[in-house]
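Novice: Here you go, one structure.
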Amino acid sequence: MGKKSEVIEREEVVIRFSGDSGDGMQLTGTLFSDTAALFGNDLSTFPDYPAEIRAPQGSVGGVSGFQVHLGHSEINTPGDFSDVLVAMNPAAIKANAKWIKQGGTIIYDENNFTEKNIEKAGYEKDPITEEKLESYNIIAAPISAMVKEALKDFGLDPKSVLRTKNMFALGMVYWLFDRKLDYTEEYFEKKFQNKPGMAEANKVALRAGYYYAETIEALSPVYKILPAPIAKGTYRNINGNSSTAWGFMAAAEKAGLKIFIGSYPITPATGILEELAARKDLGVISFQAEDEIAGICTALGASFAGKLAITSTSGPGLALKSEAIGLAVMAELPVVIVDVQRAGPSTGLPTKTEQADLMQALYGRNGECPVVVIASSTPSDCFLYAFEAARIAIEHMTPVLLLSDSYLANGTEPWRIPMMKDLPKITPPFADRTEIPFLPYKRDKEKLARSWAIPGTPGLEHRIGGLEKTEKGTVSYVPENHEQMVKLREAKVERVANEIPDLIVQGASTGDILIVGWGGSYGYLITAVRELQAEGHKISLVNFNYINPLPKNVKDVFKRFKKIVVCELNLGQFANYLRIKHQEFTYEQINKVQGIPFTILDIKEKCIKMLEDI
Amino acid sequence: MAEEIVNKYTAKDFKSDQEVRWCPGCGDHAVLSSVQRALAELNIPKEKIAFISGIGCSSRFPYYMDTYGFHSIHGRASAIATGVKTANPELSVWQITGDGDALAIGGNHFIHAIRRNVDINIILFNNEIYGLTKGQYSPTSTKGQVTKTSPFGTVEEPFSVGELVIGAKGKFFARTIDTNVALSTQIYIESAKHKGTSVIEVLQNCVIFNDGIHNKITDKEVRDDRTVILKHGQPMIFGKENDKGLILDGLKLKVVKLGENGITEKNLIIHDALEANPGIQYMLANMKYPEYPVALGVIRAVPGPTYDRSVDDQIKAIQKTAKIKCMDDLLMSGSTWNVE
């Protein structure tokens, strides 16, 4: 293909595709990141889309974006600022202007910068000058006109022709980053197997964009990002929701159990239900419930009947499930409740990310009602923590709350595929058939877990329920029995700490500042901390995945730093939790509640200020 | 040659070691005894039976049964029972619920279990009152009823259970009286044999908070004249003297007296519980005294595919031709690449 005039090698680059929610930006971004992954770059992606499926065309509220960060070295976030913005309309400039790197490249469809669209986006005449972007590398490409011309002999209706605009833009970006078109072309051949005309039209648009970029001088220089030094193995791209679903299926296979998911669709958790619903080949029983409550209640029924029970939801749905989680605590049945957090309260910003359900997860129930709380921290480690959540639920006969978030759910990254033989075995504590009469609340000494007697097993007939019971399973109002059972349930959850890994400090084990994070903000925190370390600062990071119980070495880690700074996307919920659990330390906070992740820059600036105060 | 089936069980085998704590004289005692008799006759292995309940007086039921049991939370028994049955279609799953549990707080789960036709047997104890919370009106309380939360009488329309079941695409609806053990036992057996959601409305007496609410139709002296026991394939005949019946007069049901105006048994409607069109069954389920006798027995029993079996069949059919057989297959499927 085209010969490159000037090629510049870059460590990393961030590209953002942005347009109307009907412009196909999510697909464009996905195709670009798959191509980059196949090439061997490390990468991280973040789709950012409005709650409205088709918001008014051309409006800022209707802008849908997809950001890809790729690099020659380890990449942990989708990046703060983009080097290249592809803007399909003026509203895309409006939504992203402050997120473009100083002097970055903006490719836009000049045919779509009509007076009407410019006005809709809130500009008077010229978005570029009004945003003071004249000094940037601006490429005004007549994308709409070019695809019309390229596809004029295809006999397609004007709408279908314009729908290939995104592929023209993608073609331009491929040229800019010296990428091959074959993966994308194969994708179209597969997708439009029965519509060869559409496959060809998309391929023609893609190539037209590629050649157009080659022809115009404006796109020089071309950036080259060499493959990253990645560990040997087989890889795939995966997002957080899929890897969560896969983690559950892996756990079911390791436990020799069938999986049951009872869920109600809710953004941004729906992907987990969809992924599991598609896996009938692996025997998954998926149940789309009439509401959130039925989601967890069918799961509890299935758990009683001996299945690995899952229910997935987001914050508002978790609120509705509270009472049934209490029942699971009381009945001591294994179930995993996944909360893919979104910005709240109430409906909040349903497609945006936040970490503000922590208190709800820990305490949002009536009575003394402890559950194990675990949080995933990258799109691919959602697999590991879903597996862990299921393992702990089954082996300890307890509900486990797994926290993910919108950012992890939709973000993707390359994932080194594990082998099933390398994962630990899971042993369900099935009741011994010879122990008759069966005592439902008799516990094993080590874990304090009761045993699991499955309906269908002769001789183990028993009754459980939400009323307080004795060890024998008899309803009891005896005050001392209630207190003892409350303490036993608490101790059962605490004993999970015996088998979770210690905290690992990223960086030196002593220093000025220890950054403390939990769950999904890991990528931003580790990137900021590593950059600060490289700049010579005595700063380290611990990121918590096990929230309740906490790892045993917290105190030992914390005491070696002058300052502990808890960073989270809420007003300080984890900081407050640590203040209860480890009162001996003083905690400072970095918080953000804007529905978007931290930026590396933001964290670095705040840390540097704190370092100056030491 | 038919093999003789020997029943393993008697009603006593289904009694648990727990002391029954309902009020003396409560209709629930008779329901418990009828269910235990029905199960003995059904001869289903005890370990394959699960009783699921919500909250309310009747929901204590599972504790008194020596089977698997789960006493859950208010209104959610239909959802939990759906989970149990879908997870293991081999089990015989019974839901015990009341008018508040199933029709107020649990209304959503109730109608959706019915719509899906999950093969569970729902015994709905209808005493038209909240008993466990000591006497507030329920969704089936008669309009105008004075209770603790309606000191001046309710101003809302009650649900009719049969109407709601049919409206939710229900395929099995029966009605019985708590103290009629023979009829109840027979109905429980039929409901267990029916594949799909069966709803049995039990007109149950709350001796403390709504005593005698069903008396006008359940009292020994009047019940034969004020109820009609429907049997599939039989004419709709009732009365102490078996002298009354039901005919279709235009688009409405009408009570007639045999022998009057030349009416004979041949003019009466033959009950067809298997008819899919619910038109007549709907009218039967809604008959109210004094205009009509109240219908008892199996009013509707239409066969149809069940949710739990359909889920299982779909999984098995897909697995037959599936390329992905285990997690390793899935992990390596689709777009992957190797890093050397």
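By convention here, the chains of the structure tokens are called A, B, ... in the order presented, each chain's residues are numbered starting at 1, and ligands are numbered starting at 1 in the order presented.
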Any idea which chain A residues end up within 6 Å of chain B if we count only C-alpha atoms, as a PyMOL selection string please?

Specialist: chain A and resi 232-236+280-281+294+297-299+301-302+305+456-458+461-466

Novice: Put those residues in a file: N, CA and C atoms, as a tab-separated table (two decimals), in the first residue's frame.

Specialist:
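Produced file out-v8.tsv, reproduced below:
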chain	number	residue	atom	x	y	z
A	232	LYS	N	4.58	-13.98	26.83
A	232	LYS	CA	4.20	-15.02	25.87
A	232	LYS	C	2.81	-15.56	26.19
A	233	GLY	N	2.09	-15.95	25.16
A	233	GLY	CA	0.79	-16.57	25.41
A	233	GLY	C	-0.20	-16.25	24.32
A	234	THR	N	-1.40	-16.74	24.50
A	234	THR	CA	-2.47	-16.45	23.56
A	234	THR	C	-3.34	-15.36	24.17
A	235	TYR	N	-3.67	-14.39	23.36
A	235	TYR	CA	-4.39	-13.21	23.85
A	235	TYR	C	-5.71	-13.01	23.12
A	236	ARG	N	-6.61	-12.27	23.78
A	236	ARG	CA	-7.82	-11.79	23.14
A	236	ARG	C	-8.17	-10.46	23.77
A	280	LYS	N	-25.77	-21.12	26.25
A	280	LYS	CA	-26.53	-22.35	26.48
A	280	LYS	C	-25.66	-23.56	26.14
A	281	ASP	N	-24.70	-23.35	25.22
A	281	ASP	CA	-23.83	-24.48	24.87
A	281	ASP	C	-23.06	-24.97	26.10
A	294	ALA	N	-37.04	-10.20	41.55
A	294	ALA	CA	-37.19	-11.55	41.02
A	294	ALA	C	-35.85	-12.07	40.52
A	297	CYS	N	-34.24	-13.32	43.64
A	297	CYS	CA	-35.03	-14.38	44.28
A	297	CYS	C	-35.01	-15.68	43.46
A	298	THR	N	-35.07	-15.58	42.15
A	298	THR	CA	-34.94	-16.81	41.35
A	298	THR	C	-33.54	-17.39	41.56
A	299	ALA	N	-32.54	-16.51	41.65
A	299	ALA	CA	-31.18	-16.99	41.89
A	299	ALA	C	-31.10	-17.72	43.23
A	301	GLY	N	-33.55	-19.24	44.74
A	301	GLY	CA	-34.24	-20.52	44.56
A	301	GLY	C	-33.32	-21.53	43.90
A	302	ALA	N	-32.59	-21.06	42.88
A	302	ALA	CA	-31.66	-21.95	42.16
A	302	ALA	C	-30.51	-22.37	43.07
A	305	ALA	N	-31.57	-24.99	45.20
A	305	ALA	CA	-31.65	-26.23	44.42
A	305	ALA	C	-30.28	-26.72	43.96
A	456	GLY	N	-33.76	-33.24	46.45
A	456	GLY	CA	-33.55	-34.40	45.59
A	456	GLY	C	-32.72	-35.45	46.32
A	457	THR	N	-31.99	-35.00	47.37
A	457	THR	CA	-31.15	-35.93	48.14
A	457	THR	C	-32.01	-36.58	49.23
A	458	PRO	N	-32.16	-37.92	49.22
A	458	PRO	CA	-33.00	-38.57	50.22
A	458	PRO	C	-32.41	-38.40	51.62
A	461	GLU	N	-34.01	-33.90	53.93
A	461	GLU	CA	-35.09	-32.92	53.88
A	461	GLU	C	-34.94	-31.96	55.07
A	462	HIS	N	-35.04	-30.68	54.79
A	462	HIS	CA	-34.90	-29.69	55.86
A	462	HIS	C	-35.56	-28.39	55.42
A	463	ARG	N	-35.75	-27.50	56.37
A	463	ARG	CA	-36.38	-26.22	56.10
A	463	ARG	C	-35.42	-25.10	56.49
A	464	ILE	N	-35.32	-24.10	55.60
A	464	ILE	CA	-34.56	-22.89	55.95
A	464	ILE	C	-35.46	-21.69	55.72
A	465	GLY	N	-35.00	-20.51	56.09
A	465	GLY	CA	-35.83	-19.34	55.86
A	465	GLY	C	-35.29	-18.10	56.54
A	466	GLY	N	-36.07	-17.04	56.45
A	466	GLY	CA	-35.63	-15.74	56.94
A	466	GLY	C	-35.78	-15.54	58.44

Novice: Quick one: everything within 6 Å of Thr176 of chain B, counting only C-alpha atoms, minus sequence neighbours fewer than 6 positions away in the same chain. Send it as a ChimeraX atom specification.

Specialist: /B:184,202,296

Novice: Which residues are close to segment 15-28 of chain A, i.e. within 9 Å by only C-alpha atoms, leaving aside same-chain residues fewer than 2 positions away? Reply as a PyMOL selection string.

Specialist: chain A and resi 13+30-33+47-50+52-60+62-70+81-93+95-96+100+163-167+169-170+173

Novice: Would you mind writing down, as a VMD selection string, each residue of segment 154-203 of chain A that DSSP on the backbone assigns to alpha helix (DSSP H)?

Specialist: chain A and resid 158 to 162 165 to 176 182 to 191 196 to 203

Novice: May I have the selected residues written with C-alpha atoms, as an mmCIF file, in the first residue's frame?

Specialist:
data_model
loop_
_atom_site.group_PDB
_atom_site.id
_atom_site.type_symbol
_atom_site.label_atom_id
_atom_site.label_comp_id
_atom_site.auth_asym_id
_atom_site.auth_seq_id
_atom_site.Cartn_x
_atom_site.Cartn_y
_atom_site.Cartn_z
ATOM 1 C CA PRO A 158 -28.394 7.659 0.239
ATOM 2 C CA LYS A 159 -28.802 6.593 3.892
ATOM 3 C CA SER A 160 -26.799 3.394 3.459
ATOM 4 C CA VAL A 161 -24.113 5.318 1.593
ATOM 5 C CA LEU A 162 -23.724 7.847 4.422
ATOM 6 C CA LYS A 165 -18.737 7.575 6.616
ATOM 7 C CA ASN A 166 -17.247 6.047 9.731
ATOM 8 C CA MET A 167 -15.297 3.558 7.628
ATOM 9 C CA PHE A 168 -13.869 6.350 5.509
ATOM 10 C CA ALA A 169 -12.709 8.043 8.693
ATOM 11 C CA LEU A 170 -11.315 4.763 9.992
ATOM 12 C CA GLY A 171 -9.414 4.313 6.726
ATOM 13 C CA MET A 172 -7.804 7.708 7.268
ATOM 14 C CA VAL A 173 -6.778 6.797 10.804
ATOM 15 C CA TYR A 174 -5.348 3.470 9.640
ATOM 16 C CA TRP A 175 -3.103 5.316 7.238
ATOM 17 C CA LEU A 176 -2.115 7.797 9.885
ATOM 18 C CA ASP A 182 -7.137 -6.873 6.379
ATOM 19 C CA TYR A 183 -8.696 -7.510 9.786
ATOM 20 C CA THR A 184 -11.415 -4.913 9.163
ATOM 21 C CA GLU A 185 -12.062 -6.214 5.667
ATOM 22 C CA GLU A 186 -12.436 -9.743 6.964
ATOM 23 C CA TYR A 187 -14.859 -8.433 9.558
ATOM 24 C CA PHE A 188 -17.099 -7.019 6.826
ATOM 25 C CA GLU A 189 -16.924 -10.177 4.769
ATOM 26 C CA LYS A 190 -18.157 -12.125 7.773
ATOM 27 C CA LYS A 191 -20.719 -9.623 8.946
ATOM 28 C CA PRO A 196 -21.931 -9.008 -0.441
ATOM 29 C CA GLY A 197 -22.893 -5.534 -1.748
ATOM 30 C CA MET A 198 -22.737 -4.041 1.753
ATOM 31 C CA ALA A 199 -19.433 -5.773 2.514
ATOM 32 C CA GLU A 200 -17.932 -4.355 -0.658
ATOM 33 C CA ALA A 201 -19.346 -0.856 -0.025
ATOM 34 C CA ASN A 202 -17.778 -0.707 3.430
ATOM 35 C CA LYS A 203 -14.463 -1.981 2.095
#

Novice: For Gln360 of chain A, which residue out of A:Phe574, A:Leu525, A:Ala449, A:Leu541 is the nearest one, using only C-alpha atoms?

Specialist: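 Distance minimum relative to Gln360 of chain A lands on A:Phe574.
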
Novice: What does the distance between atom CA of His194 of chain B and atom CA of Ala301 of chain B come to in Å, to one decimal place?

Specialist: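 According to the coordinates, atom CA of His194 of chain B and atom CA of Ala301 of chain B are separated by 7.3 Å.
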
Novice: Quick check, in Å to one decimal: how far apart do atom CA of Gly245 of chain B and atom CA of Leu258 of chain B lie?

Specialist: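 A separation of 6.9 Å between them.
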
Novice: Just the residues within 9 Å of Glu275 of chain A, please, counting only C-alpha atoms, with nothing from its chain fewer than 6 positions along; format it as a list in words.

Specialist: Asn241, Ser242, Ala245 and Trp246 of chain A

Novice: Could the residues in this selection be written to a file with C-alpha atoms, as a PDB file, in the first residue's frame?

Specialist:
ATOM      1  CA  ASN A 241     -18.746  -7.454  31.490  1.00  0.00           C
ATOM      2  CA  SER A 242     -17.724 -10.370  29.288  1.00  0.00           C
ATOM      3  CA  ALA A 245     -19.482 -13.568  32.856  1.00  0.00           C
ATOM      4  CA  TRP A 246     -16.627 -15.849  31.779  1.00  0.00           C
TER       5      TRP A 246
END

Novice: Give me, as a ChimeraX atom specification, all polymer residues having an atom no more than 8 Å from Thr398 of chain A, counting only C-alpha atoms and skipping those fewer than 5 positions away in the same chain.

Specialist: /A:328-329,332-335,371-372,392-393,449,493

Novice: Mind writing the picked residues with N, CA and C atoms as a PDB file, in the first residue's frame?

Specialist:
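Generated file (selection-v3.pdb):
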ATOM      1  N   ALA A 328     -30.512 -14.185  51.909  1.00  0.00           N
ATOM      2  CA  ALA A 328     -29.384 -15.061  51.569  1.00  0.00           C
ATOM      3  C   ALA A 328     -28.401 -15.157  52.734  1.00  0.00           C
ATOM      4  N   VAL A 329     -28.209 -14.023  53.435  1.00  0.00           N
ATOM      5  CA  VAL A 329     -27.329 -14.018  54.606  1.00  0.00           C
ATOM      6  C   VAL A 329     -27.915 -14.945  55.683  1.00  0.00           C
ATOM      7  N   GLU A 332     -28.051 -18.517  54.575  1.00  0.00           N
ATOM      8  CA  GLU A 332     -26.674 -18.950  54.324  1.00  0.00           C
ATOM      9  C   GLU A 332     -26.579 -19.783  53.040  1.00  0.00           C
ATOM     10  N   LEU A 333     -27.032 -19.137  51.970  1.00  0.00           N
ATOM     11  CA  LEU A 333     -26.968 -19.752  50.650  1.00  0.00           C
ATOM     12  C   LEU A 333     -25.932 -19.016  49.804  1.00  0.00           C
ATOM     13  N   PRO A 334     -25.191 -19.752  48.963  1.00  0.00           N
ATOM     14  CA  PRO A 334     -24.217 -19.075  48.103  1.00  0.00           C
ATOM     15  C   PRO A 334     -24.906 -18.353  46.952  1.00  0.00           C
ATOM     16  N   VAL A 335     -24.540 -17.119  46.742  1.00  0.00           N
ATOM     17  CA  VAL A 335     -25.043 -16.359  45.594  1.00  0.00           C
ATOM     18  C   VAL A 335     -24.061 -15.212  45.368  1.00  0.00           C
ATOM     19  N   VAL A 371     -21.835  -9.300  54.312  1.00  0.00           N
ATOM     20  CA  VAL A 371     -21.538 -10.092  53.111  1.00  0.00           C
ATOM     21  C   VAL A 371     -20.078  -9.842  52.732  1.00  0.00           C
ATOM     22  N   VAL A 372     -19.540 -10.752  51.965  1.00  0.00           N
ATOM     23  CA  VAL A 372     -18.190 -10.569  51.441  1.00  0.00           C
ATOM     24  C   VAL A 372     -18.289  -9.558  50.297  1.00  0.00           C
ATOM     25  N   ILE A 392     -15.626 -18.145  46.744  1.00  0.00           N
ATOM     26  CA  ILE A 392     -15.867 -17.818  48.154  1.00  0.00           C
ATOM     27  C   ILE A 392     -17.338 -18.060  48.514  1.00  0.00           C
ATOM     28  N   ALA A 393     -18.248 -17.651  47.617  1.00  0.00           N
ATOM     29  CA  ALA A 393     -19.681 -17.854  47.891  1.00  0.00           C
ATOM     30  C   ALA A 393     -19.963 -19.339  48.128  1.00  0.00           C
ATOM     31  N   ALA A 449     -18.717 -22.433  57.776  1.00  0.00           N
ATOM     32  CA  ALA A 449     -19.752 -22.554  56.748  1.00  0.00           C
ATOM     33  C   ALA A 449     -20.671 -23.720  57.093  1.00  0.00           C
ATOM     34  N   VAL A 493     -17.889 -14.551  57.778  1.00  0.00           N
ATOM     35  CA  VAL A 493     -17.394 -13.635  56.746  1.00  0.00           C
ATOM     36  C   VAL A 493     -15.960 -13.198  57.070  1.00  0.00           C
TER      37      VAL A 493
END

Novice: What's around Gln583 of chain A at 12 Å? Count only C-alpha atoms, leave out sequence neighbours fewer than 3 positions away in its own chain, and write the answer as a ChimeraX atom specification.

Specialist: /A:554-555,558-559,575-580,586-587

Novice: Keeping only N, CA and C atoms, take the residues you just selected and write them out as an mmCIF file, in the first residue's frame.

Specialist:
data_model
loop_
_atom_site.group_PDB
_atom_site.id
_atom_site.type_symbol
_atom_site.label_atom_id
_atom_site.label_comp_id
_atom_site.auth_asym_id
_atom_site.auth_seq_id
_atom_site.Cartn_x
_atom_site.Cartn_y
_atom_site.Cartn_z
ATOM 1 N N VAL A 554 -2.949 -4.975 56.126
ATOM 2 C CA VAL A 554 -3.209 -3.543 55.902
ATOM 3 C C VAL A 554 -2.348 -2.669 56.830
ATOM 4 N N LYS A 555 -2.402 -2.977 58.101
ATOM 5 C CA LYS A 555 -1.700 -2.156 59.084
ATOM 6 C C LYS A 555 -0.195 -2.140 58.807
ATOM 7 N N PHE A 558 0.392 0.109 55.777
ATOM 8 C CA PHE A 558 0.093 1.542 55.973
ATOM 9 C C PHE A 558 1.137 2.242 56.852
ATOM 10 N N LYS A 559 1.632 1.529 57.860
ATOM 11 C CA LYS A 559 2.462 2.207 58.867
ATOM 12 C C LYS A 559 3.829 2.646 58.337
ATOM 13 N N ALA A 575 -12.408 5.721 52.229
ATOM 14 C CA ALA A 575 -11.632 6.404 53.272
ATOM 15 C C ALA A 575 -12.365 6.282 54.604
ATOM 16 N N ASN A 576 -13.671 6.490 54.585
ATOM 17 C CA ASN A 576 -14.442 6.391 55.826
ATOM 18 C C ASN A 576 -14.471 4.965 56.360
ATOM 19 N N TYR A 577 -14.539 4.017 55.464
ATOM 20 C CA TYR A 577 -14.526 2.609 55.858
ATOM 21 C C TYR A 577 -13.192 2.274 56.548
ATOM 22 N N LEU A 578 -12.102 2.779 55.952
ATOM 23 C CA LEU A 578 -10.782 2.541 56.566
ATOM 24 C C LEU A 578 -10.682 3.234 57.922
ATOM 25 N N ARG A 579 -11.351 4.381 58.030
ATOM 26 C CA ARG A 579 -11.337 5.097 59.327
ATOM 27 C C ARG A 579 -12.020 4.259 60.412
ATOM 28 N N ILE A 580 -12.989 3.440 60.002
ATOM 29 C CA ILE A 580 -13.647 2.556 60.978
ATOM 30 C C ILE A 580 -12.756 1.353 61.265
ATOM 31 N N THR A 586 -4.266 8.277 59.784
ATOM 32 C CA THR A 586 -4.974 9.459 59.280
ATOM 33 C C THR A 586 -5.053 9.330 57.759
ATOM 34 N N TYR A 587 -6.207 9.622 57.234
ATOM 35 C CA TYR A 587 -6.397 9.427 55.805
ATOM 36 C C TYR A 587 -6.682 10.752 55.115
#

Novice: Given the choices A:Ala534, A:Gln355, A:Arg365, A:Thr470, which gets closest to Lys592 of chain A if the distance is worked out from only C-alpha atoms?

Specialist: A:Gln355

Novice: Counting only C-alpha atoms, what is within 10 Å of Leu32 of chain B, bar same-chain residues fewer than 4 positions away, as a ChimeraX atom specification?

Specialist: /B:11,14-15,20,27-28,36-38,58,61-62,64-65,178,181
